[in-house]
4 protein chains.
Amino acid sequence: MNLARPLVLLDPHPRTNAMIFHRADRERLDAMADVITVEAGAVPDDAVEACLPRVTAILGQTALPGARLARAPHLRAVLNVEGNYVPNVDYATCFARGIRVACAAPAFARPVAEYALALALDLARGITQADRLFRLGQERYGWRGNLAAETLFGAPVGLVGFGTIARALLPLLRPCHCTVRAYDPWLPPTLLHEHGVMPATLTEVLERSRMVFVLAAPTAHNRHLIGAPELACMAPGAGLVLVSRAGVVDYAALHTALREGRIKAAIDVFPAEPPAADDPLRTCTAAVLSSHRAGGLDSALKTIGEMAVDDLDLVLRGLPPVRMQAAQPETVGLQRSPPGLR
Amino acid sequence: MNLARPLVLLDPHPRTNAMIFHRADRERLDAMADVITVEAGAVPDDAVEACLPRVTAILGQTALPGARLARAPHLRAVLNVEGNYVPNVDYATCFARGIRVACAAPAFARPVAEYALALALDLARGITQADRLFRLGQERYGWRGNLAAETLFGAPVGLVGFGTIARALLPLLRPCHCTVRAYDPWLPPTLLHEHGVMPATLTEVLERSRMVFVLAAPTAHNRHLIGAPELACMAPGAGLVLVSRAGVVDYAALHTALREGRIKAAIDVFPAEPPAADDPLRTCTAAVLSSHRAGGLDSALKTIGEMAVDDLDLVLRGLPPVRMQAAQPETVGLQRSPPGLR
Amino acid sequence: MNLARPLVLLDPHPRTNAMIFHRADRERLDAMADVITVEAGAVPDDAVEACLPRVTAILGQTALPGARLARAPHLRAVLNVEGNYVPNVDYATCFARGIRVACAAPAFARPVAEYALALALDLARGITQADRLFRLGQERYGWRGNLAAETLFGAPVGLVGFGTIARALLPLLRPCHCTVRAYDPWLPPTLLHEHGVMPATLTEVLERSRMVFVLAAPTAHNRHLIGAPELACMAPGAGLVLVSRAGVVDYAALHTALREGRIKAAIDVFPAEPPAADDPLRTCTAAVLSSHRAGGLDSALKTIGEMAVDDLDLVLRGLPPVRMQAAQPETVGLQRSPPGLR
Amino acid sequence: MNLARPLVLLDPHPRTNAMIFHRADRERLDAMADVITVEAGAVPDDAVEACLPRVTAILGQTALPGARLARAPHLRAVLNVEGNYVPNVDYATCFARGIRVACAAPAFARPVAEYALALALDLARGITQADRLFRLGQERYGWRGNLAAETLFGAPVGLVGFGTIARALLPLLRPCHCTVRAYDPWLPPTLLHEHGVMPATLTEVLERSRMVFVLAAPTAHNRHLIGAPELACMAPGAGLVLVSRAGVVDYAALHTALREGRIKAAIDVFPAEPPAADDPLRTCTAAVLSSHRAGGLDSALKTIGEMAVDDLDLVLRGLPPVRMQAAQPETVGLQRSPPGLR
């Protein structure tokens with residue numbers, strides 16, 4: 001170990017190094033710092049403790065209570081390789097000390113946006129359902145097979161949450177000339193206008209959209225944001241695309257709305273994953289069912305490693321990181337995402 | 001009947017007036033001309049014959065051999081309400097007499113392009129297949145469910161045929177920053193470059209694309225354009241989206257390639273529709289099956305009527321039609337599309 | 001001369017072969033046909049007459065009255081290398097015989113659109129005027145120099161004429177999120193809507209736009225389309241960009257409006273070119289003056305040759321031309337453009 | 001004064017309240033806080049001191065050395081209403097205390113980007129120069145007036161600095177299908193790739209571009225970044241658009257390159273403003289001269305007030321600001337912009 005070089009603790013658990021790194025990025029990392037890591041599982045506590053006196057940066061979600069941070073006087077960055085924050089870090093101390101804290105959410109923005117578009121097109125045009133009918137020998141041809149189909153061209157669509165994913169989804173919707181409404185209580189209306197989006201209340205979004213994208217990350221404040229009353233606002237036959245986290249929707253109410261044929265839904269997240277074998281959603285024909293697949297492409301996971309090494313390089317050069325998403329002191333403690341794609 | 005007014009023969013069979021007209025467009029039509037039509041079926045021959053001496057325009061695919069055209073001295077336009085031409089019109093005489101001949105293909109461009117995108121996203125991200133596995137209780141979560149999934153972002157894609165549908169598809173692919181190659185023997189390379197597309201041979205398109213869109217209309221020259229040798233060119237695991245007409249692909253070869261797991265395909269058209277109950281494609285899990293649903297949305301059908309009335313209005317005002325697709329003397333006789341969405 | 005090969009009469013006067021051809025395009029032409037041409041001036045009548053019995057295509061604006069056409073039984077295409085049509089061809093006979101007639105207008109679409117944008121930005125932001133003041137030592141800094149400046153971002157703009165140039169201009173305006181109104185009496189409102197443009201009357205376009213682009217080609221019907229009453233409709237301080245032809249505007253009225261400071265204008269075309277040395281427009285500080293420079297870039301002129309050879313190749317292969325602009329029987333006789341960029 | 005309400009010190013000097021606020025934004029501000037301000041000049045020191053014990057946020061660039069910050073225990077945000085930072089604030093203490101520091105740079109992004117495009121088009125197409133020749137009676141028509149003109153369509157362009165302005169400029173260049181290279185030593189190549197831009201060295205940007213945009217803000221490290229050797233790299237006849245700050249360019253070298261006719265330039269900033277009456281740049285015909293006009297539109301200035309009130313509202317609600325540009329601890333001290341548009 002070269003004492004003049006930076007020391008990096010690489011602790012990507014529950015991901016693995018192989019999962020998040022192209023070889024070239026891992027080699028870049030090795031070229032810029034001494035690296036402490038393990039090939040499987042979390043870095044053990046004693047190894048973490050041993051590196052604290054010299055550690056410059058941590059790549060991962062290692063527990064960092066105040067006492068540990070106090071033993072890491074040279075720590076300059078905590079680059080979380082997940083898409084959200086968990087409460088095992090004393091974030092306030094990090095901010096006070098100027099330790100950069102960031103997460104890998106942007107790596108998932110485009111894959112999740114693409115998947116959300118795919119699900120929305122599936123609901124609008126009835127792709128999965130038509131394939132199912134075909135295999136049953138019940139397909140209908142031409143316009144007879146399109147009685148419930150509609151186009152996204154020119155359609156009013158709604159976004160619940162206007163963060164990273166919404167901003168990646170927007171350019172994918174643009175060529176369809178959709179009217180886009182968005183609800184995001186953390187943002188001023190002007191910012192939505194700047195993105196060409198109409199600011200709206202949650203009720204307006206639900207009432208006026210043919211397709212509603214639920215993109216809001218779960219927080220301390222938005223559990224069951226979309227429950228029975230909200231689902232009742234949706235237009236008959238409209239679609240709901242659910243790709244963020246299950247906590248923001250009341251699944252019992254959602255299932256009722258689907259069973260009654262009031263709306264359609266494409267569902268990528270569930271309160272428990274997998275849902276029980278007898279969960280009635282499993283046989284619901286008004287839903288497109290997806291097993292938490294929106295973000296976890298190999299190419300997205302590899303982007304995490306690339307982003308982390310890019311930003312580490314900047315931090316070591318005395319520059320601000322630019323690729324990962326910086327934690328915000330006001331909101332980092334409000335996040336309630338369960339850990340994601342393992 | 002007002003002898004000073006234009007006379008229009010409205011003969012949309014096998015479509016119906018109700019299918020192609022919003023009320024407002026039908027009213028516009030009535031305001032600009034006397035209209036001869038029937039509510040169901042084709043306009044009978046005697047009614048056709050009776051109107052020939054005075055008819056100004058025909059909306060539909062009424063048979064117009066040379067003898068009939070000779071009896072229609074005032075005919076100025078034949079506006080076909082299908083997406084392609086059938087050989088029941090003496091086109092050469094129409095061109096020589098300056099009778100405008102056009103079809104409704106542009107009404108389907110956006111719906112078909114949207115559907116092609118939906119199918120491509122389905123193949124790339126595995127939407128329909130994941131839904132099927134979920135219903136079997138065999139779904140896998142996160143990256144484990146994405147082992148065969150890939151993104152269209154940055155992917156090389158190929159277009160076989162660069163006509164109306166391809167040009168409507170292109171803006172939908174743009175935000176994914178795809179590298180797009182196109183094969184179209186009827187177009188100069190410069191025109192493809194102007195659209196930001198790389199001109200390519202059919203082999204290049206097939207070899208170098210992760211997703212191939214078959215958009216070429218069938219002609220006298222391209223039957224089974226894509227057969228076993230061409231399918232063998234495709235990259236392992238690449239996808240084929242087939243939304244134009246079945247004639248351009250050898251389905252036996254396609255089924256073999258799918259059964260062997262070499263490629264994936266989304267298939268909206270079949271040599272016979274419906275395929276036989278025991279057609280092995282019906283159980284092929286490497287395919288997304290769709291029953292000729294790409295274009296025949298109600299909104300597209302209504303656009304036909306709108307386009308026809310718009311262009312009729314221009315013709316009656318002595319102006320060139322601009323919304324329907326003008327027949328080209330060189331190629332109108334080469335088309336081999338079976339009649340479409342009935 | 002190979003009697004089995006096509007014969008092409010290349011008569012680009014007043015352009016020259018060197019002006020319109022890259023060497024590679026000229027070589028392509030020579031490879032596909034025997035070529036009769038002269039290096040300077042028009043091809044003499046006797047040479048024209050001599051080739052008529054065998055000529056397959058004419059590239060240029062050679063006079064083709066009916067009698068000449070009758071002596072050219074194999075003629076299949078007249079590809080005019082100017083941007084508009086002149087009345088020295090018996091177009092009706094060409095149409096009746098299926099002879100393709102097209103012009104090079106599309107070669108100018110992007111250069112003229114770019115120039116129109118440049119002029120509009122100049123008027124909006126005051127570039128030329130600020131440079132002039134700077135050279136007089138009268139420049140003002142920061143906001144003090146911007147009292148009359150405005151941005152195109154979000155501005156309402158208007159298009160008078162929605163043809164080739166307007167359609168090339170539209171994507172250049174899109175990123176500024178302009179509200180675009182267009183007036184074009186030859187097009188149905190639906191077509192404008194399809195392009196994301198609001199159909200409007202001429203008065204609406206003039207009244208509601210901060211920047212008005214006059215793009216209409218002169219016809220038998222639109223002389224002095226924009227005169228004193230129309231200019232009086234414009235909003236105070238709004239800009240007029242004039243890049244098509246002078247005939248559509250009443251220049252006396254325009255000069256009055258400019259002199260009175262009611263509007264600004266950028267003027268690329270003049271009723272007589274050059275205007276008289278004492279033409280008061282020459283000193284008008286409310287105008288940006290430009291000497292018919294919008295289209296005639298070397299790269300545009302070379303595109304003419306490329307397009308002509310591309311389309312000739314298609315015609316010789318029995319396919320429809322796709323790059324040049326096909327003449328329309330209804331309107332070719334209405335054009336009143338004086339010959340353009342010599 | 002309501003002790004339960006937040007207290008805001010509004011000190012926009014050298015701007016004024018009238019300059020940066022629409023009435024509605026000022027009213028929003030008054031509704032959310034007690035406001036201490038003056039109508040002209042800076043808020044006097046004693047008034048600043050008096051509000052420190054209670055102040056929640058400061059809108060402006062009030063001097064805030066550590067001692068003052070120590071007397072402002074409730075301060076949560078310093079929202080600078082300029083486009084850059086000046087060294088009159090103890091930023092380190094702000095960061096350590098979690099005081100939000102942000103500036104109004106984004107308000108200028110679009111206006112400056114639009115102006116940069118306008119200048120680039122002017123240089124490429126020769127607008128200002130042609131107007132000047134016209135007024136001298138020396139204009140040349142058509143292609144003869146375009147001998148030095150070129151189009152941005154398809155042209156290689158280069159960006160020196162890839163910050164806020166570059167990212168606003170990029171969508172304006174996209175419809176011209178430019179190949180865009182960018183040099184920014186503070187950013188990883190991947191980030192440029194994500195924006196569809198080719199990362200490049202400064203030399204590559206200068207050598208390979210027909211138009212170079214100098215957008216880099218001055219820092220402690222980039223004084224005279226573009227000097228004689230760099231200008232010598234530029235392609236003959238290429239254009240330089242200079243809209244950030246004068247410090248990054250060696251103006252003596254620039255003037256030499258212009259005088260020798262090697263390049264063209266559009267210059268909006270000068271080492272001293274105004275330059276001396278006998279500064280030879282004032283008569284340089286290879287330059288478009290502009291008096292620091294790129295950003296300071298009334299609409300941009302009003303956006304500053306809107307952004308500040310939007311972000312203040314978020315801060316008071318316990319949320320992170322989103323519209324102004326957050327100061328970065330690593331770089332805030334490196335900025336060397338002289339104060340801007342007064």
# chains A, B, ... in the order shown; residues from 1 in each chain; ligands from 1
>>> interface_residues(of="chain B", to="chain A", cutoff="8 Å", atoms="only C-alpha atoms", output="PyMOL selection string")
chain B and resi 110-111+114-115+118-119+121-122+125+127-128+130-131+134-135+137+139-143+145-147+149-151+153+171-172+175-176+273-274+277+282-283+288-299+341-342
>>> residues_around(residues="range 44-47 of chain D", least_positions_apart="6", cutoff="12 Å", atoms="only C-alpha atoms", output="ChimeraX atom specification")
/D:9-11,13,35-38,53,55,62-64,68
>>> residues_around(residues="Tyr85 in chain D", least_positions_apart="2", cutoff="8 Å", atoms="only C-alpha atoms", output="PyMOL selection string")
chain D and resi 80+82-83+87+103+332+335+337
>>> select_by_dssp(residues="range 83-329 of chain A", states="strand (DSSP E)", output="ChimeraX atom specification")
/A:100-103,156-160,179-183,198-199,211-214,239-242,264-267,287-289,325-326
>>> select_by_dssp(residues="range 105-334 of chain C", states="helix (DSSP H, G or I)", output="PyMOL selection string")
chain C and resi 105-125+127-135+142-146+164-176+189-194+202-208+228-233+246-248+251-259+280-283+298-316+332-334
>>> write_last_selection(atoms="C-alpha atoms", output="compact mmCIF listing (two decimals), in the first residue's frame")
# COMPACT_ATOMS: atom_id res chain seq x y z
CA ALA C 105 -36.26 24.32 -54.78
CA PRO C 106 -35.44 21.81 -52.01
CA ALA C 107 -31.74 22.53 -52.45
CA PHE C 108 -32.40 26.00 -51.07
CA ALA C 109 -34.73 25.08 -48.22
CA ARG C 110 -32.17 24.67 -45.46
CA PRO C 111 -29.86 27.53 -46.48
CA VAL C 112 -32.80 29.93 -46.79
CA ALA C 113 -34.31 28.72 -43.52
CA GLU C 114 -30.99 29.18 -41.74
CA TYR C 115 -30.66 32.66 -43.20
CA ALA C 116 -34.20 33.53 -42.18
CA LEU C 117 -33.40 32.43 -38.64
CA ALA C 118 -30.20 34.46 -38.68
CA LEU C 119 -32.11 37.55 -39.81
CA ALA C 120 -34.83 37.01 -37.22
CA LEU C 121 -32.28 36.67 -34.43
CA ASP C 122 -30.54 39.76 -35.73
CA LEU C 123 -33.76 41.77 -35.58
CA ALA C 124 -34.81 40.38 -32.21
CA ARG C 125 -31.47 40.82 -30.50
CA ILE C 127 -26.94 42.37 -33.67
CA THR C 128 -26.29 44.39 -36.81
CA GLN C 129 -27.54 47.58 -35.26
CA ALA C 130 -25.34 47.11 -32.17
CA ASP C 131 -22.31 46.51 -34.35
CA ARG C 132 -23.08 49.71 -36.26
CA LEU C 133 -23.41 51.71 -33.04
CA PHE C 134 -20.18 50.22 -31.73
CA ARG C 135 -18.30 51.39 -34.80
CA GLY C 142 -25.49 45.45 -20.79
CA TRP C 143 -29.16 46.12 -20.29
CA ARG C 144 -28.78 49.70 -21.49
CA GLY C 145 -27.88 48.31 -24.91
CA ASN C 146 -30.83 45.95 -24.84
CA THR C 164 -40.53 24.05 -48.41
CA ILE C 165 -38.78 26.89 -46.62
CA ALA C 166 -41.28 27.12 -43.79
CA ARG C 167 -40.96 23.39 -43.16
CA ALA C 168 -37.17 23.72 -43.04
CA LEU C 169 -37.43 26.71 -40.72
CA LEU C 170 -39.77 25.04 -38.27
CA PRO C 171 -37.23 22.67 -36.68
CA LEU C 172 -34.86 25.61 -36.24
CA LEU C 173 -37.51 27.48 -34.26
CA ARG C 174 -38.62 24.47 -32.20
CA PRO C 175 -35.90 24.68 -29.53
CA CYS C 176 -37.00 28.26 -28.82
CA PRO C 189 -55.67 23.61 -41.42
CA THR C 190 -55.16 19.96 -40.49
CA LEU C 191 -51.86 19.84 -42.32
CA LEU C 192 -50.60 22.80 -40.34
CA HIS C 193 -51.77 21.16 -37.11
CA GLU C 194 -49.85 18.03 -38.07
CA LEU C 202 -52.98 36.66 -42.63
CA THR C 203 -54.29 39.30 -40.25
CA GLU C 204 -53.88 37.01 -37.24
CA VAL C 205 -50.36 36.15 -38.27
CA LEU C 206 -49.46 39.81 -38.57
CA GLU C 207 -51.23 41.00 -35.43
CA ARG C 208 -50.08 38.30 -33.04
CA ALA C 228 -49.93 49.23 -45.98
CA PRO C 229 -53.07 47.81 -44.29
CA GLU C 230 -51.31 44.55 -43.50
CA LEU C 231 -48.21 46.25 -42.17
CA ALA C 232 -50.46 48.40 -40.01
CA CYS C 233 -51.68 45.18 -38.34
CA ALA C 246 -40.14 41.08 -53.44
CA GLY C 247 -43.42 40.87 -55.33
CA VAL C 248 -45.46 39.79 -52.30
CA TYR C 251 -42.04 48.19 -50.68
CA ALA C 252 -43.27 51.73 -50.52
CA ALA C 253 -45.55 50.81 -47.65
CA LEU C 254 -42.78 48.81 -46.02
CA HIS C 255 -40.39 51.72 -46.17
CA THR C 256 -42.98 54.00 -44.63
CA ALA C 257 -43.57 51.61 -41.75
CA LEU C 258 -39.82 51.34 -41.17
CA ARG C 259 -39.19 55.06 -41.40
CA PRO C 280 -34.07 55.40 -49.23
CA LEU C 281 -34.03 51.82 -47.93
CA ARG C 282 -30.26 51.93 -48.32
CA THR C 283 -29.97 54.21 -45.32
CA ASP C 298 -21.90 27.21 -52.99
CA SER C 299 -23.00 24.16 -51.01
CA ALA C 300 -26.63 24.74 -52.04
CA LEU C 301 -25.73 25.15 -55.70
CA LYS C 302 -23.77 21.93 -55.61
CA THR C 303 -26.78 20.21 -54.04
CA ILE C 304 -28.74 21.05 -57.18
CA GLY C 305 -26.42 18.95 -59.29
CA GLU C 306 -26.47 16.13 -56.78
CA MET C 307 -30.27 16.12 -56.67
CA ALA C 308 -30.60 16.22 -60.42
CA VAL C 309 -28.26 13.29 -60.92
CA ASP C 310 -29.93 11.34 -58.11
CA ASP C 311 -33.34 11.84 -59.66
CA LEU C 312 -32.15 11.20 -63.19
CA ASP C 313 -30.75 7.89 -61.98
CA LEU C 314 -34.15 6.95 -60.54
CA VAL C 315 -35.98 8.00 -63.70
CA LEU C 316 -33.61 5.94 -65.85
CA VAL C 332 -47.09 25.37 -62.04
CA GLY C 333 -48.68 27.97 -64.24
CA LEU C 334 -49.39 30.34 -61.38
